[in-house]
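File shown: query_1.cif. Contents: mmCIF, N, CA and C atoms.
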```cif
data_data
#
loop_
_atom_site.label_atom_id
_atom_site.label_comp_id
_atom_site.auth_asym_id
_atom_site.auth_seq_id
_atom_site.Cartn_x
_atom_site.Cartn_y
_atom_site.Cartn_z
N ALA X 1 23.86 -6.80 10.23
CA ALA X 1 22.51 -6.91 10.77
C ALA X 1 22.05 -5.54 11.27
N ILE X 2 20.80 -5.29 11.12
CA ILE X 2 20.22 -4.03 11.56
C ILE X 2 19.97 -4.13 13.06
N MET X 3 20.44 -3.14 13.81
CA MET X 3 20.38 -3.21 15.26
C MET X 3 19.10 -2.59 15.82
N LYS X 4 18.45 -1.73 15.08
CA LYS X 4 17.27 -1.04 15.58
C LYS X 4 16.10 -2.03 15.71
N GLN X 5 15.32 -1.89 16.78
CA GLN X 5 14.14 -2.71 16.97
C GLN X 5 13.12 -2.38 15.90
N VAL X 6 12.56 -3.40 15.28
CA VAL X 6 11.61 -3.22 14.20
C VAL X 6 10.20 -3.47 14.71
N ASP X 7 9.27 -2.58 14.35
CA ASP X 7 7.86 -2.75 14.71
C ASP X 7 7.26 -3.80 13.80
N ASN X 8 6.91 -4.96 14.36
CA ASN X 8 6.33 -6.05 13.58
C ASN X 8 4.84 -6.18 13.84
N SER X 9 4.20 -5.14 14.32
CA SER X 9 2.80 -5.23 14.71
C SER X 9 1.84 -4.80 13.60
N GLN X 10 2.35 -4.18 12.55
CA GLN X 10 1.46 -3.67 11.50
C GLN X 10 1.04 -4.79 10.56
N PRO X 11 -0.24 -4.88 10.25
CA PRO X 11 -0.70 -5.91 9.31
C PRO X 11 -0.36 -5.51 7.87
N ALA X 12 -0.14 -6.50 7.03
CA ALA X 12 0.14 -6.23 5.62
C ALA X 12 -1.12 -5.74 4.91
N PHE X 13 -2.24 -6.30 5.28
CA PHE X 13 -3.52 -5.95 4.65
C PHE X 13 -4.53 -5.61 5.74
N PRO X 14 -4.45 -4.41 6.28
CA PRO X 14 -5.33 -4.08 7.40
C PRO X 14 -6.80 -4.13 6.99
N ALA X 15 -7.59 -4.69 7.88
CA ALA X 15 -9.03 -4.76 7.65
C ALA X 15 -9.70 -3.68 8.47
N GLY X 16 -10.72 -3.10 7.92
CA GLY X 16 -11.46 -2.10 8.66
C GLY X 16 -12.23 -2.75 9.80
N VAL X 17 -11.99 -2.29 11.00
CA VAL X 17 -12.73 -2.80 12.16
C VAL X 17 -13.38 -1.62 12.85
N SER X 18 -14.53 -1.89 13.45
CA SER X 18 -15.29 -0.80 14.05
C SER X 18 -14.93 -0.56 15.51
N SER X 19 -14.19 -1.49 16.12
CA SER X 19 -13.85 -1.29 17.53
C SER X 19 -12.60 -2.07 17.89
N VAL X 20 -12.04 -1.74 19.03
CA VAL X 20 -10.88 -2.47 19.54
C VAL X 20 -11.26 -3.92 19.80
N LYS X 21 -12.49 -4.13 20.29
CA LYS X 21 -12.97 -5.49 20.56
C LYS X 21 -12.96 -6.32 19.28
N ASP X 22 -13.43 -5.73 18.16
CA ASP X 22 -13.43 -6.45 16.88
C ASP X 22 -12.01 -6.80 16.44
N ALA X 23 -11.10 -5.86 16.60
CA ALA X 23 -9.71 -6.11 16.22
C ALA X 23 -9.11 -7.22 17.06
N PHE X 24 -9.38 -7.21 18.38
CA PHE X 24 -8.88 -8.24 19.27
C PHE X 24 -9.43 -9.60 18.87
N GLU X 25 -10.73 -9.66 18.57
CA GLU X 25 -11.35 -10.93 18.21
C GLU X 25 -10.80 -11.46 16.88
N MET X 26 -10.55 -10.57 15.91
CA MET X 26 -9.97 -11.00 14.64
C MET X 26 -8.58 -11.59 14.87
N ASN X 27 -7.77 -10.93 15.68
CA ASN X 27 -6.42 -11.41 15.95
C ASN X 27 -6.45 -12.73 16.71
N ALA X 28 -7.34 -12.84 17.70
CA ALA X 28 -7.45 -14.06 18.49
C ALA X 28 -7.89 -15.24 17.63
N ALA X 29 -8.69 -14.97 16.61
CA ALA X 29 -9.18 -16.02 15.73
C ALA X 29 -8.19 -16.33 14.60
N GLY X 30 -7.05 -15.65 14.59
CA GLY X 30 -6.06 -15.88 13.55
C GLY X 30 -6.43 -15.26 12.22
N MET X 31 -7.30 -14.25 12.24
CA MET X 31 -7.78 -13.64 11.01
C MET X 31 -7.05 -12.34 10.67
N ALA X 32 -6.07 -11.98 11.48
CA ALA X 32 -5.38 -10.71 11.25
C ALA X 32 -4.46 -10.78 10.03
N GLY X 33 -4.09 -11.97 9.62
CA GLY X 33 -3.25 -12.11 8.44
C GLY X 33 -1.77 -11.92 8.74
N MET X 34 -0.99 -11.83 7.68
CA MET X 34 0.46 -11.70 7.84
C MET X 34 0.84 -10.29 8.24
N SER X 35 2.00 -10.20 8.85
CA SER X 35 2.50 -8.87 9.24
C SER X 35 3.08 -8.17 8.02
N LEU X 36 3.23 -6.88 8.14
CA LEU X 36 3.84 -6.11 7.07
C LEU X 36 5.30 -6.57 6.88
N ARG X 37 5.96 -6.93 7.97
CA ARG X 37 7.33 -7.44 7.87
C ARG X 37 7.38 -8.72 7.05
N ASP X 38 6.44 -9.65 7.30
CA ASP X 38 6.39 -10.88 6.51
C ASP X 38 6.11 -10.59 5.04
N TYR X 39 5.24 -9.64 4.78
CA TYR X 39 4.91 -9.26 3.40
C TYR X 39 6.14 -8.70 2.69
N PHE X 40 6.84 -7.79 3.36
CA PHE X 40 8.05 -7.22 2.76
C PHE X 40 9.11 -8.32 2.54
N ALA X 41 9.26 -9.24 3.49
CA ALA X 41 10.23 -10.32 3.34
C ALA X 41 9.85 -11.23 2.17
N ALA X 42 8.56 -11.49 2.00
CA ALA X 42 8.11 -12.32 0.88
C ALA X 42 8.46 -11.66 -0.45
N LYS X 43 8.27 -10.36 -0.53
CA LYS X 43 8.62 -9.63 -1.76
C LYS X 43 10.12 -9.66 -1.99
N ALA X 44 10.90 -9.51 -0.91
CA ALA X 44 12.36 -9.51 -1.04
C ALA X 44 12.86 -10.87 -1.50
N ILE X 45 12.30 -11.95 -0.94
CA ILE X 45 12.78 -13.28 -1.31
C ILE X 45 12.44 -13.58 -2.77
N GLN X 46 11.33 -13.04 -3.26
CA GLN X 46 10.99 -13.22 -4.68
C GLN X 46 12.09 -12.63 -5.56
N GLY X 47 12.55 -11.45 -5.21
CA GLY X 47 13.62 -10.83 -5.97
C GLY X 47 14.92 -11.61 -5.87
N LEU X 48 15.22 -12.09 -4.68
CA LEU X 48 16.47 -12.83 -4.48
C LEU X 48 16.49 -14.13 -5.29
N VAL X 49 15.41 -14.88 -5.25
CA VAL X 49 15.41 -16.18 -5.92
C VAL X 49 15.24 -16.06 -7.43
N SER X 50 14.84 -14.89 -7.89
CA SER X 50 14.66 -14.74 -9.34
C SER X 50 15.95 -14.35 -10.06
N CYS X 51 17.01 -14.04 -9.32
CA CYS X 51 18.26 -13.63 -9.98
C CYS X 51 19.08 -14.86 -10.36
N GLU X 52 19.81 -14.73 -11.43
CA GLU X 52 20.56 -15.85 -12.01
C GLU X 52 21.56 -16.50 -11.05
N PRO X 53 22.35 -15.73 -10.28
CA PRO X 53 23.30 -16.41 -9.37
C PRO X 53 22.60 -17.36 -8.39
N PHE X 54 21.41 -17.01 -7.97
CA PHE X 54 20.68 -17.87 -7.04
C PHE X 54 20.37 -19.20 -7.70
N HIS X 55 19.99 -19.18 -8.97
CA HIS X 55 19.66 -20.41 -9.68
C HIS X 55 20.86 -21.34 -9.74
N SER X 56 22.05 -20.77 -9.97
CA SER X 56 23.26 -21.58 -10.02
C SER X 56 23.51 -22.29 -8.70
N TYR X 57 23.30 -21.56 -7.59
CA TYR X 57 23.49 -22.17 -6.27
C TYR X 57 22.45 -23.26 -6.01
N LEU X 58 21.24 -23.05 -6.49
CA LEU X 58 20.21 -24.07 -6.29
C LEU X 58 20.58 -25.36 -7.00
N TYR X 59 21.12 -25.24 -8.20
CA TYR X 59 21.52 -26.43 -8.93
C TYR X 59 22.65 -27.17 -8.22
N GLU X 60 23.48 -26.43 -7.50
CA GLU X 60 24.55 -27.06 -6.73
C GLU X 60 24.02 -27.61 -5.40
N GLN X 61 22.80 -27.29 -5.07
CA GLN X 61 22.13 -27.72 -3.85
C GLN X 61 22.93 -27.36 -2.60
N ASP X 62 23.26 -26.11 -2.51
CA ASP X 62 23.98 -25.59 -1.35
C ASP X 62 23.03 -25.59 -0.16
N PRO X 63 23.29 -26.40 0.89
CA PRO X 63 22.35 -26.51 2.02
C PRO X 63 22.28 -25.24 2.87
N ILE X 64 23.26 -24.35 2.75
CA ILE X 64 23.27 -23.14 3.55
C ILE X 64 22.55 -21.99 2.86
N LEU X 65 22.38 -22.10 1.55
CA LEU X 65 21.84 -21.00 0.77
C LEU X 65 20.43 -20.59 1.19
N LEU X 66 19.52 -21.52 1.32
CA LEU X 66 18.13 -21.16 1.60
C LEU X 66 17.95 -20.47 2.95
N PRO X 67 18.54 -20.98 4.04
CA PRO X 67 18.41 -20.25 5.30
C PRO X 67 19.04 -18.85 5.23
N ARG X 68 20.16 -18.72 4.53
CA ARG X 68 20.79 -17.41 4.40
C ARG X 68 19.92 -16.47 3.59
N ALA X 69 19.31 -16.98 2.52
CA ALA X 69 18.44 -16.14 1.69
C ALA X 69 17.23 -15.68 2.49
N ALA X 70 16.65 -16.58 3.28
CA ALA X 70 15.49 -16.21 4.09
C ALA X 70 15.87 -15.16 5.13
N SER X 71 17.02 -15.35 5.76
CA SER X 71 17.50 -14.38 6.75
C SER X 71 17.74 -13.02 6.09
N PHE X 72 18.34 -13.02 4.92
CA PHE X 72 18.61 -11.77 4.21
C PHE X 72 17.31 -11.09 3.81
N ALA X 73 16.30 -11.86 3.41
CA ALA X 73 15.00 -11.29 3.05
C ALA X 73 14.41 -10.54 4.24
N TYR X 74 14.54 -11.09 5.44
CA TYR X 74 14.03 -10.40 6.64
C TYR X 74 14.88 -9.18 6.98
N GLN X 75 16.17 -9.23 6.69
CA GLN X 75 17.00 -8.04 6.90
C GLN X 75 16.54 -6.92 5.96
N ILE X 76 16.22 -7.28 4.74
CA ILE X 76 15.70 -6.28 3.78
C ILE X 76 14.36 -5.74 4.29
N ALA X 77 13.49 -6.63 4.76
CA ALA X 77 12.19 -6.21 5.27
C ALA X 77 12.36 -5.27 6.46
N ASP X 78 13.28 -5.59 7.35
CA ASP X 78 13.53 -4.73 8.51
C ASP X 78 14.00 -3.35 8.07
N ALA X 79 14.89 -3.32 7.08
CA ALA X 79 15.37 -2.03 6.56
C ALA X 79 14.23 -1.24 5.94
N MET X 80 13.32 -1.92 5.26
CA MET X 80 12.17 -1.24 4.67
C MET X 80 11.26 -0.65 5.75
N LEU X 81 11.05 -1.40 6.83
CA LEU X 81 10.21 -0.90 7.93
C LEU X 81 10.86 0.29 8.62
N ILE X 82 12.17 0.25 8.78
CA ILE X 82 12.89 1.37 9.41
C ILE X 82 12.78 2.60 8.52
N ALA X 83 12.99 2.43 7.22
CA ALA X 83 12.88 3.56 6.29
C ALA X 83 11.46 4.11 6.28
N ARG X 84 10.50 3.21 6.35
CA ARG X 84 9.09 3.62 6.36
C ARG X 84 8.77 4.44 7.60
N SER X 85 9.26 4.00 8.76
CA SER X 85 8.98 4.74 9.99
C SER X 85 9.72 6.07 10.02
N ALA X 86 10.89 6.14 9.40
CA ALA X 86 11.65 7.38 9.34
C ALA X 86 10.94 8.42 8.47
N ASN X 87 10.15 7.93 7.54
CA ASN X 87 9.40 8.83 6.65
C ASN X 87 8.03 9.16 7.21
N GLY X 88 7.72 8.67 8.40
CA GLY X 88 6.46 8.99 9.05
C GLY X 88 5.28 8.16 8.58
N SER X 89 5.52 7.05 7.91
CA SER X 89 4.42 6.20 7.46
C SER X 89 4.01 5.22 8.52
#
```

How does this structure look as structure tokens?
Amino acid sequence: AIMKQVDNSQPAFPAGVSSVKDAFEMNAAGMAGMSLRDYFAAKAIQGLVSCEPFHSYLYEQDPILLPRAASFAYQIADAMLIARSANGS
């Protein structure tokens, strides 16, 4: 597991806002959308579930597989955010 604290505040699809008040109102209304961490995890899980070994486990209906895959997708997302921040993005 990655030990460094990950910044989960960045939006995946930032919207242009003209003021802090507008940004606050968008977030309060639930219009801010998914976080960049969620977006990266969604991309990671797509890759994980598309590989052949994953399909074999699904056919066996392993009850532990899906929670582990989801957890691993977020670990990948966290690593991507850490690498991104290290590069100054």

Quiz prompt | Nearest-residue call for Gly33 (chain X), choices X:Gly47, X:Pro11, X:Pro67, X:Pro53, using only N, CA and C atoms | solution =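 Between X:Gly47, X:Pro11, X:Pro67, X:Pro53, the residue approaching Gly33 (chain X) most closely is X:Pro11.
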
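Coordinates place CA of Leu66 (chain X) at a distance of 21.5 Å from CA of Leu36 (chain X).
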
Quiz prompt | Two-atom distance - atom C of Ala77 (chain X), atom C of Arg37 (chain X) (Å) | solution = 6.1 Å

Quiz item: Got a sec to resolve the PyMOL selection byres (((chain X and resi 49 and name CA) around 12) and name CA) on this structure and send the residues as a PyMOL selection string?
Solution: chain X and resi 42-48+50-58+65-66+68-70+72-73

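If all atoms listed in the file are the atoms counted, then among X:Pro63, X:Gln5, X:Ala12, X:Met34 the closest residue to Asp78 (chain X) is X:Gln5.
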
Quiz item: What's the 8 Å shell around Ile82 (chain X), counting all atoms listed in the file, without same-chain residues fewer than 3 positions away, as a VMD selection string?
Solution: chain X and resid 4 to 7 76 to 79 85 to 88

Kindly export the residues of the current selection with N, CA and C atoms, as a PDB file, keeping the file's coordinate frame.
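Contents of the output file result-v3.pdb:
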```pdb
ATOM      1  N   LYS X   4      18.450  -1.730  15.080  1.00  0.00           N
ATOM      2  CA  LYS X   4      17.270  -1.040  15.580  1.00  0.00           C
ATOM      3  C   LYS X   4      16.100  -2.030  15.710  1.00  0.00           C
ATOM      4  N   GLN X   5      15.320  -1.890  16.780  1.00  0.00           N
ATOM      5  CA  GLN X   5      14.140  -2.710  16.970  1.00  0.00           C
ATOM      6  C   GLN X   5      13.120  -2.380  15.900  1.00  0.00           C
ATOM      7  N   VAL X   6      12.560  -3.400  15.280  1.00  0.00           N
ATOM      8  CA  VAL X   6      11.610  -3.220  14.200  1.00  0.00           C
ATOM      9  C   VAL X   6      10.200  -3.470  14.710  1.00  0.00           C
ATOM     10  N   ASP X   7       9.270  -2.580  14.350  1.00  0.00           N
ATOM     11  CA  ASP X   7       7.860  -2.750  14.710  1.00  0.00           C
ATOM     12  C   ASP X   7       7.260  -3.800  13.800  1.00  0.00           C
ATOM     13  N   ILE X  76      16.220  -7.280   4.740  1.00  0.00           N
ATOM     14  CA  ILE X  76      15.700  -6.280   3.780  1.00  0.00           C
ATOM     15  C   ILE X  76      14.360  -5.740   4.290  1.00  0.00           C
ATOM     16  N   ALA X  77      13.490  -6.630   4.760  1.00  0.00           N
ATOM     17  CA  ALA X  77      12.190  -6.210   5.270  1.00  0.00           C
ATOM     18  C   ALA X  77      12.360  -5.270   6.460  1.00  0.00           C
ATOM     19  N   ASP X  78      13.280  -5.590   7.350  1.00  0.00           N
ATOM     20  CA  ASP X  78      13.530  -4.730   8.510  1.00  0.00           C
ATOM     21  C   ASP X  78      14.000  -3.350   8.070  1.00  0.00           C
ATOM     22  N   ALA X  79      14.890  -3.320   7.080  1.00  0.00           N
ATOM     23  CA  ALA X  79      15.370  -2.030   6.560  1.00  0.00           C
ATOM     24  C   ALA X  79      14.230  -1.240   5.940  1.00  0.00           C
ATOM     25  N   SER X  85       9.260   4.000   8.760  1.00  0.00           N
ATOM     26  CA  SER X  85       8.980   4.740   9.990  1.00  0.00           C
ATOM     27  C   SER X  85       9.720   6.070  10.020  1.00  0.00           C
ATOM     28  N   ALA X  86      10.890   6.140   9.400  1.00  0.00           N
ATOM     29  CA  ALA X  86      11.650   7.380   9.340  1.00  0.00           C
ATOM     30  C   ALA X  86      10.940   8.420   8.470  1.00  0.00           C
ATOM     31  N   ASN X  87      10.150   7.930   7.540  1.00  0.00           N
ATOM     32  CA  ASN X  87       9.400   8.830   6.650  1.00  0.00           C
ATOM     33  C   ASN X  87       8.030   9.160   7.210  1.00  0.00           C
ATOM     34  N   GLY X  88       7.720   8.670   8.400  1.00  0.00           N
ATOM     35  CA  GLY X  88       6.460   8.990   9.050  1.00  0.00           C
ATOM     36  C   GLY X  88       5.280   8.160   8.580  1.00  0.00           C
TER      37      GLY X  88
END
```

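In this model, the gap between atom N of Ala83 (chain X) and atom N of Phe13 (chain X) comes to 17.7 Å.
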